[in-house]
Amino acid sequence: MAGSAQPPTAAGDGGLDGGSLAGGGEAFADRSLSQGLSVLVGLALCVTMLGLGCAVELGQLGHQLRRPVGLLLALLGQFVAMPLLAFLLALIFALDEVAAVAVLLCGCCPGGNLSNLMLVLVDGDMNLSIIMTASSTLLALFLMPLCLWIYSRPWINTAVVQLLPLGAVSLTLGSTLLPIGLGVLIRYRYPRAADLLVKISLWSLLVTLVILFILTGTMLGPDLMAHIPASVYAIAVLMPLAGYALGYGLATVFKMPPHCRRTVSLETGCQNVQLCTAILKLTFPPELIGSMYMFPLLYALFQSAEAGLFVLVYKMYGRDSYKQDMLGEEEDTDISYKKLKEEEVADTSYGTVTTEEHSSIQMEPTQTAL
């Protein structure tokens with residue numbers, strides 16, 4: 001746990017009480033490095049949101065709006081379960097205000113694209129996944145600032161929370177609507193180009209995270225590990241794992257089939273770390289960014305590793321049961337089809353035609369099956 005929950009005497013003095021994430025903030029105050037990271041983060045966010053829009057099909061969107069289970073699950077998972085989980089972990093581990101804000105921001109973010117990639121490997125419901133990701137991104141325009149305002153109350157008297165730019169958070173979220181809308185238009189007009197852009201956005205997610213890890217480690221140097229308390233590592237490990245479990249439990253309550261439970265599980269635990277990183281980088285003063293910048297990157301690392309374990313366990317133990325379920329559905333369909341054909345033949349059999357010798361034809365009446 002963090003050594004102390006006491007607030008610092010100054011927001012940007014480079015070393016917070018209890019060994020928070022504040023160390024290394026001076027590196028991010030370098031103007032050229034800060035601007036370079038801002039451009040990289042902004043471009044990565046635009047590409048990710050463009051890919052999200054390209055994955056949305058208007059026909060499926062209309063179907064989900066008529067039966068808004070995906071919308072309800074996104075609302076409960078991303079803006080009830082995950083923010084509350086982040087808040088409780090911040091209190092349990094007695095984080096200082098800087099680390100707490102980073103954890104809350106990550107917990108209040110909408111779902112990320114990593115889940116779409118992982119669901120291909122666990123035979124999930126891709127349409128449900130896309131609808132949950134898209135709807136949670138749109139709901140975040142209003143609910144993310146609201147959740148931040150509600151759950152930051154325990155640290156309200158600290159400088160970081162008083163500087164919390166809720167208006168800038170809303171503006172950053174609003175700026176994602178343009179690439180999302182453009183992606184939807186591309187999907188409608190040019191489906192093949194949309195498929196290509198979806199793949200590009202998924203790979204750009206992985207490449208961007210690797211680049212950010214390298215740049216951050218280079219700028220903060222070998223002292224980086226010393227500036228991150230064990231409590232932050234613990235939360236970065238526990239939070240996505242608990243999110244996956246909460247999502248699976250939520251889908252179980254709704255009595256969803258197993259492939260939909262896996263979908264909701266990954267959707268709930270996988271957060272949009274690009275959006276969280278962009279908000280931290282673009283809306284907070286540079287002298288504070290070193291103290292909060294690493295948590296979404298750590299979260300991305302552990303959510304990817306744990307999702308990979310999820311996939312590995314499914315491949316080892318769950319794939320056969322999925323195939324059996326699919327085979328059972330096909331057999332049921334085949335039996336029903338054969339039964340239907342037999343009933344049709346029975347209903348239309350008013351007589352049979354038989355041929356005898358000397359080329360004579362005789363009608364033999366048969367009893368019609370009712």
# chains A, B, ... in the order shown; residues from 1 in each chain; ligands from 1
>>> select_by_dssp(residues="segment 100-148 of chain A", states="helix (DSSP H, G or I)", output="ChimeraX atom specification")
/A:100-108,114-121,126-148
>>> residues_around(residues="Ile200 of chain A", least_positions_apart="5", cutoff="12 Å", atoms="only C-alpha atoms", output="list of chain:residue names")
A:Ala44, A:Val47, A:Thr48, A:Met49, A:Leu50, A:Gly51, A:Leu52, A:Cys54, A:Ala55, A:Asn113, A:Leu117, A:Ala193, A:Ala194, A:Asp195, A:Leu205, A:Leu206, A:Val207, A:Thr208
>>> residues_around(residues="segment 245-257 of chain A", least_positions_apart="2", cutoff="8 Å", atoms="only C-alpha atoms", output="list in words")
Leu73, Gly77, Ala81, Leu241, Ala242, Gly243, His259, Cys260, Arg261, Arg262, Val264, Ser265, Leu266, Glu267, Thr268 and Gly269 of chain A
>>> closest_residue(among="A:Thr172, A:Leu196, A:Gly124, A:Ile211", to="Lys281 of chain A", atoms="only C-alpha atoms")
A:Thr172
